[in-house]
Amino acid sequence: MNLFGFCNLSVVPCRREPSDRSEMTTQLLFGEHFEILEEHKSWVYISSAIDGYKSWIDRKQYLPISKETFDKLSAEEYSRTSDIVGVISETTENISFPVTIGSRLPLLKGKEFSIEKKKYNFQGSTTNPGAKPRRAKIVEDSFIYLNTPYLWGGRTPFGIDCSGFTQMIYGLSGIKLSRDASQQVEHGEALDFPEEAQPGDLAFFDNAEGAITHVGIVLPDMQIIHSSGKVHIDKWDHIGIFSAERKIYTHNLRVLKTLF
């Protein structure tokens with residue numbers, strides 16, 4: 001029998017191996033759902049319905065759901081939280097907890113929704129990913145994360161990695177991206193020249209071995225916003241990202257992609 005789950009906590013660490021000491025490879029945010037592929041002691045191996053990413057999570061950190069609920073959650077896009085921090089109240093147990101920007105609010109009616117027998121109320125602003133994506137919104141949303149510290153596997157404004165950053169920004173506009181930069185580079189159409197890039201496009205960078213290891217969002221005036229140390233803005237050109245502070249190129253440009 002297939003097993004499924006729903007992230008009913010603010011943020012859940014997802015690990016490479018079934019251990020609290022294992023590397024965190026990504027995070028689940030409130031409202032995201034998944035299929036359980038394997039169980040091992042106090043851990044479950046999952047495949048996220050959001051991006052297909054596979055990882056281990058603690059079995060105490062999710063709400064079990066039926067296949068019917070899983071299919072319903074997978075059927076359409078839902079509103080997402082748009083405040084850096086909002087508040088979810090679980091009215092069935094009279095508890096409240098914070099949720100970060102980009103968390104999903106499935107089956108929302110007004111400010112309320114239900115998952116299985118759990119009833120929730122959301123206090124905060126929302127965004128509707130069903131609207132037509134706009135470059136201006138991509139750029140505007142990216143500024144929300146400025147100065148967020150870099151965190152390997154992170155997807156929140158309290159810690160985020162480069163591909164988590166682009167995935168969350170595009171997700172706020174209803175555009176689905178894979179989790180890692182090496183996967184995201186498969187999306188969209190390649191641009192032939194840097195001059196063709198427009199604000200909101202993606203720039204990918206590789207290492208000495210030619211592997212895609214970094215991604216950022218193109219801004220006006222040959223600037224780029226990306227997560228490296230923290231989310232910040234640098235200049236870029238046909239060679240790569242140039243750090244004005246360090247006076248060196250820090251990332252080697254591989255390809256530019258547009259999804260518009």
# chains A, B, ... in the order shown; residues from 1 in each chain; ligands from 1

$ residues_around --residues "Gln61 in chain A" --least-positions-apart "2" --cutoff "8 Å" --atoms "only C-alpha atoms" --output "list in words"
Cys7, Asn8, Leu9, Val12, Ile57, Asp58, Arg59 and Leu63 of chain A

$ residues_around --residues "range 163-165 of chain A" --least-positions-apart "6" --cutoff "7 Å" --atoms "only C-alpha atoms" --output "short mmCIF file (atom, residue, chain, number, x, y, z; two decimals) with N, CA and C atoms, in the first residue's frame"
data_model
loop_
_atom_site.label_atom_id
_atom_site.label_comp_id
_atom_site.auth_asym_id
_atom_site.auth_seq_id
_atom_site.Cartn_x
_atom_site.Cartn_y
_atom_site.Cartn_z
N GLY A 154 19.03 24.96 2.22
CA GLY A 154 18.02 25.86 2.75
C GLY A 154 17.04 26.38 1.70
N ARG A 155 15.82 26.69 2.14
CA ARG A 155 14.78 27.22 1.25
C ARG A 155 13.96 28.33 1.93
N ARG A 179 15.07 21.10 -8.04
CA ARG A 179 15.71 21.56 -6.80
C ARG A 179 17.14 22.06 -6.98
N ASP A 180 17.98 21.33 -7.69
CA ASP A 180 19.39 21.67 -7.77
C ASP A 180 19.72 22.45 -9.05
N ALA A 181 20.80 23.24 -8.99
CA ALA A 181 21.21 24.02 -10.15
C ALA A 181 21.49 23.12 -11.36
N VAL A 215 23.71 29.13 -9.58
CA VAL A 215 22.67 29.77 -10.39
C VAL A 215 22.26 31.06 -9.72
N SER A 227 22.71 33.63 -4.20
CA SER A 227 23.07 33.25 -2.84
C SER A 227 24.47 32.64 -2.85
#

$ select_by_dssp --residues "range 50-256 of chain A" --states "strand (DSSP E)" --output "VMD selection string"
chain A and resid 54 to 58 63 to 65 79 to 81 85 to 90 95 to 100 104 to 105 112 to 115 118 to 123 126 to 127 155 to 156 159 to 160 189 to 190 202 to 206 212 to 219 223 to 228 230 to 236 240 to 243 248 to 256

$ atom_distance --atom1 "CA of Asp141 in chain A" --atom2 "CA of Ile46 in chain A"
29.0 Å

$ closest_atom_pairs --of "range 29-88 of chain A" --to "range 119-130 of chain A" --cutoff "12 Å" --atoms "only C-alpha atoms" --output "tab-separated table"
residue	atom	partner	partner_atom	distance
A:Phe30	CA	A:Phe122	CA	11.6
A:Gly31	CA	A:Tyr120	CA	10.9
A:Glu76	CA	A:Gly130	CA	9.3
A:Glu77	CA	A:Gly130	CA	6.8
A:Tyr78	CA	A:Pro129	CA	7.0
A:Ser79	CA	A:Asn128	CA	4.8
A:Arg80	CA	A:Thr127	CA	5.4
A:Thr81	CA	A:Thr126	CA	4.5
A:Ser82	CA	A:Thr126	CA	4.9
A:Asp83	CA	A:Ser125	CA	5.9
A:Ile84	CA	A:Ser125	CA	9.6
A:Val85	CA	A:Gly124	CA	8.1
A:Gly86	CA	A:Gly124	CA	5.1
A:Val87	CA	A:Gln123	CA	5.2
A:Ile88	CA	A:Phe122	CA	4.7

$ write_last_selection --atoms "N, CA and C atoms" --output "mmCIF file, in the first residue's frame"
data_model
loop_
_atom_site.group_PDB
_atom_site.id
_atom_site.type_symbol
_atom_site.label_atom_id
_atom_site.label_comp_id
_atom_site.auth_asym_id
_atom_site.auth_seq_id
_atom_site.Cartn_x
_atom_site.Cartn_y
_atom_site.Cartn_z
ATOM 1 N N PHE A 30 5.890 24.220 5.037
ATOM 2 C CA PHE A 30 4.504 23.901 5.358
ATOM 3 C C PHE A 30 3.672 23.851 4.070
ATOM 4 N N GLY A 31 2.804 22.839 3.987
ATOM 5 C CA GLY A 31 1.882 22.729 2.862
ATOM 6 C C GLY A 31 2.360 21.861 1.725
ATOM 7 N N GLU A 76 -3.677 20.699 -8.521
ATOM 8 C CA GLU A 76 -3.614 22.095 -8.950
ATOM 9 C C GLU A 76 -2.648 22.888 -8.088
ATOM 10 N N GLU A 77 -2.348 24.115 -8.573
ATOM 11 C CA GLU A 77 -1.512 25.028 -7.788
ATOM 12 C C GLU A 77 -2.359 25.705 -6.723
ATOM 13 N N TYR A 78 -1.728 26.026 -5.600
ATOM 14 C CA TYR A 78 -2.449 26.673 -4.513
ATOM 15 C C TYR A 78 -1.792 27.984 -4.126
ATOM 16 N N SER A 79 -2.553 28.805 -3.410
ATOM 17 C CA SER A 79 -2.015 30.056 -2.893
ATOM 18 C C SER A 79 -0.797 29.770 -2.016
ATOM 19 N N ARG A 80 0.101 30.739 -1.959
ATOM 20 C CA ARG A 80 1.281 30.614 -1.105
ATOM 21 C C ARG A 80 1.390 31.844 -0.225
ATOM 22 N N THR A 81 2.043 31.685 0.891
ATOM 23 C CA THR A 81 2.244 32.818 1.782
ATOM 24 C C THR A 81 3.228 33.790 1.131
ATOM 25 N N SER A 82 2.987 35.095 1.291
ATOM 26 C CA SER A 82 3.847 36.095 0.656
ATOM 27 C C SER A 82 4.538 37.011 1.656
ATOM 28 N N ASP A 83 4.203 36.897 2.952
ATOM 29 C CA ASP A 83 4.946 37.619 3.984
ATOM 30 C C ASP A 83 6.203 36.823 4.328
ATOM 31 N N ILE A 84 7.259 37.511 4.742
ATOM 32 C CA ILE A 84 8.462 36.799 5.162
ATOM 33 C C ILE A 84 8.111 35.770 6.228
ATOM 34 N N VAL A 85 7.240 36.168 7.162
ATOM 35 C CA VAL A 85 6.729 35.240 8.170
ATOM 36 C C VAL A 85 5.242 35.488 8.362
ATOM 37 N N GLY A 86 4.449 34.427 8.285
ATOM 38 C CA GLY A 86 3.031 34.488 8.598
ATOM 39 C C GLY A 86 2.755 33.534 9.755
ATOM 40 N N VAL A 87 1.491 33.425 10.122
ATOM 41 C CA VAL A 87 1.125 32.561 11.248
ATOM 42 C C VAL A 87 0.014 31.600 10.831
ATOM 43 N N ILE A 88 0.238 30.320 11.086
ATOM 44 C CA ILE A 88 -0.771 29.285 10.888
ATOM 45 C C ILE A 88 -1.308 28.879 12.254
#

$ atom_distance --atom1 "CA of Phe158 in chain A" --atom2 "CA of Val11 in chain A"
10.9 Å

$ select_by_dssp --residues "range 20-245 of chain A" --states "helix (DSSP H, G or I)" --output "ChimeraX atom specification"
/A:67-74,135-145,162-172,181-184,194-196

$ write_last_selection --atoms "C-alpha atoms" --output "JSON list (two decimals), in the first residue's frame"
[["chain", "number", "residue", "atom", "x", "y", "z"],
["A", 67, "LYS", "CA", -3.90, 8.73, -1.54],
["A", 68, "GLU", "CA", -7.14, 10.62, -2.20],
["A", 69, "THR", "CA", -5.81, 13.64, -0.34],
["A", 70, "PHE", "CA", -2.41, 13.30, -2.04],
["A", 71, "ASP", "CA", -4.06, 13.26, -5.47],
["A", 72, "LYS", "CA", -6.21, 16.26, -4.55],
["A", 73, "LEU", "CA", -3.16, 18.22, -3.42],
["A", 74, "SER", "CA", -1.36, 17.29, -6.65],
["A", 135, "ARG", "CA", 9.59, 39.36, -15.00],
["A", 136, "ALA", "CA", 9.02, 42.35, -12.76],
["A", 137, "LYS", "CA", 7.55, 40.14, -10.03],
["A", 138, "ILE", "CA", 10.50, 37.74, -10.23],
["A", 139, "VAL", "CA", 12.88, 40.66, -9.65],
["A", 140, "GLU", "CA", 10.71, 42.23, -6.94],
["A", 141, "ASP", "CA", 10.36, 38.96, -5.01],
["A", 142, "SER", "CA", 14.08, 38.26, -5.22],
["A", 143, "PHE", "CA", 14.85, 41.41, -3.20],
["A", 144, "ILE", "CA", 12.87, 39.98, -0.26],
["A", 145, "TYR", "CA", 15.70, 37.52, 0.34],
["A", 162, "CYS", "CA", 21.60, 29.24, -4.62],
["A", 163, "SER", "CA", 19.14, 26.84, -6.24],
["A", 164, "GLY", "CA", 16.77, 26.96, -3.29],
["A", 165, "PHE", "CA", 16.67, 30.72, -3.83],
["A", 166, "THR", "CA", 15.81, 30.51, -7.54],
["A", 167, "GLN", "CA", 13.32, 27.70, -6.94],
["A", 168, "MET", "CA", 11.46, 29.71, -4.29],
["A", 169, "ILE", "CA", 11.42, 32.96, -6.31],
["A", 170, "TYR", "CA", 10.12, 31.26, -9.44],
["A", 171, "GLY", "CA", 7.66, 29.24, -7.36],
["A", 172, "LEU", "CA", 6.08, 32.44, -6.02],
["A", 181, "ALA", "CA", 21.21, 24.02, -10.15],
["A", 182, "SER", "CA", 22.41, 21.02, -12.20],
["A", 183, "GLN", "CA", 18.73, 20.11, -12.71],
["A", 184, "GLN", "CA", 17.39, 23.64, -13.17],
["A", 194, "PRO", "CA", 24.65, 37.90, -22.64],
["A", 195, "GLU", "CA", 23.03, 40.96, -24.21],
["A", 196, "GLU", "CA", 19.90, 38.87, -24.84]]

$ atom_distance --atom1 "CA of Asp192 in chain A" --atom2 "CA of Val255 in chain A"
8.4 Å

$ closest_residue --among "A:Phe260, A:Tyr53, A:Phe34, A:Trp236" --to "Ser66 in chain A" --atoms "only C-alpha atoms"
A:Phe34

$ closest_residue --among "A:Leu219, A:Leu28, A:Leu253, A:Ile65" --to "Val99 in chain A" --atoms "only C-alpha atoms"
A:Leu28

$ closest_residue --among "A:Leu202, A:Leu191, A:Ile160, A:Ala49" --to "Ser228 in chain A" --atoms "only C-alpha atoms"
A:Ile160

$ residues_around --residues "Ser19 in chain A" --least-positions-apart "5" --cutoff "12 Å" --atoms "only C-alpha atoms" --output "PDB file with C-alpha atoms, in the first residue's frame"
ATOM      1  CA  PRO A  13      15.065  19.255   7.279  1.00  0.00           C
ATOM      2  CA  CYS A  14      15.516  16.626   4.574  1.00  0.00           C
ATOM      3  CA  MET A  24      20.732  18.352   4.933  1.00  0.00           C
ATOM      4  CA  HIS A  40      13.795   2.745   8.188  1.00  0.00           C
ATOM      5  CA  LYS A  41      13.355   2.823  11.956  1.00  0.00           C
ATOM      6  CA  SER A  42      12.396   6.415  12.861  1.00  0.00           C
ATOM      7  CA  TRP A  43      12.918   7.698   9.304  1.00  0.00           C
ATOM      8  CA  VAL A  44      11.001   7.709   6.016  1.00  0.00           C
ATOM      9  CA  TYR A  45      12.462   8.094   2.523  1.00  0.00           C
ATOM     10  CA  SER A  55      15.455  12.503   0.828  1.00  0.00           C
ATOM     11  CA  TRP A  56      15.016  11.175   4.361  1.00  0.00           C
ATOM     12  CA  ILE A  57      12.872  12.895   7.002  1.00  0.00           C
ATOM     13  CA  ASP A  58      12.024  12.106  10.611  1.00  0.00           C
ATOM     14  CA  ARG A  59       8.727  10.191  10.788  1.00  0.00           C
TER      15      ARG A  59
END

$ closest_residue --among "A:Ile248, A:Ile36, A:Leu256, A:Ile101" --to "Gly216 in chain A" --atoms "only C-alpha atoms"
A:Leu256

$ closest_residue --among "A:Ser178, A:Gln27, A:Glu17, A:Thr148" --to "Asp51 in chain A" --atoms "only C-alpha atoms"
A:Ser178

$ residues_around --residues "Ile239 in chain A" --least-positions-apart "5" --cutoff "9 Å" --atoms "only C-alpha atoms" --output "list in words"
Tyr249, His251, Asn252, Leu253 and Arg254 of chain A

$ write_last_selection --atoms "N, CA and C atoms" --output "PDB file, in the first residue's frame"
ATOM      1  N   TYR A 249      36.793  37.466 -10.322  1.00  0.00           N
ATOM      2  CA  TYR A 249      35.646  36.696 -10.794  1.00  0.00           C
ATOM      3  C   TYR A 249      35.474  35.502  -9.861  1.00  0.00           C
ATOM      4  N   HIS A 251      32.639  33.280 -10.106  1.00  0.00           N
ATOM      5  CA  HIS A 251      31.893  32.189 -10.742  1.00  0.00           C
ATOM      6  C   HIS A 251      32.045  32.307 -12.256  1.00  0.00           C
ATOM      7  N   ASN A 252      32.206  31.156 -12.915  1.00  0.00           N
ATOM      8  CA  ASN A 252      32.410  31.101 -14.356  1.00  0.00           C
ATOM      9  C   ASN A 252      31.089  30.866 -15.091  1.00  0.00           C
ATOM     10  N   LEU A 253      30.697  31.821 -15.951  1.00  0.00           N
ATOM     11  CA  LEU A 253      29.418  31.712 -16.661  1.00  0.00           C
ATOM     12  C   LEU A 253      29.426  30.543 -17.633  1.00  0.00           C
ATOM     13  N   ARG A 254      28.364  29.739 -17.551  1.00  0.00           N
ATOM     14  CA  ARG A 254      28.230  28.581 -18.454  1.00  0.00           C
ATOM     15  C   ARG A 254      27.119  28.817 -19.472  1.00  0.00           C
TER      16      ARG A 254
END
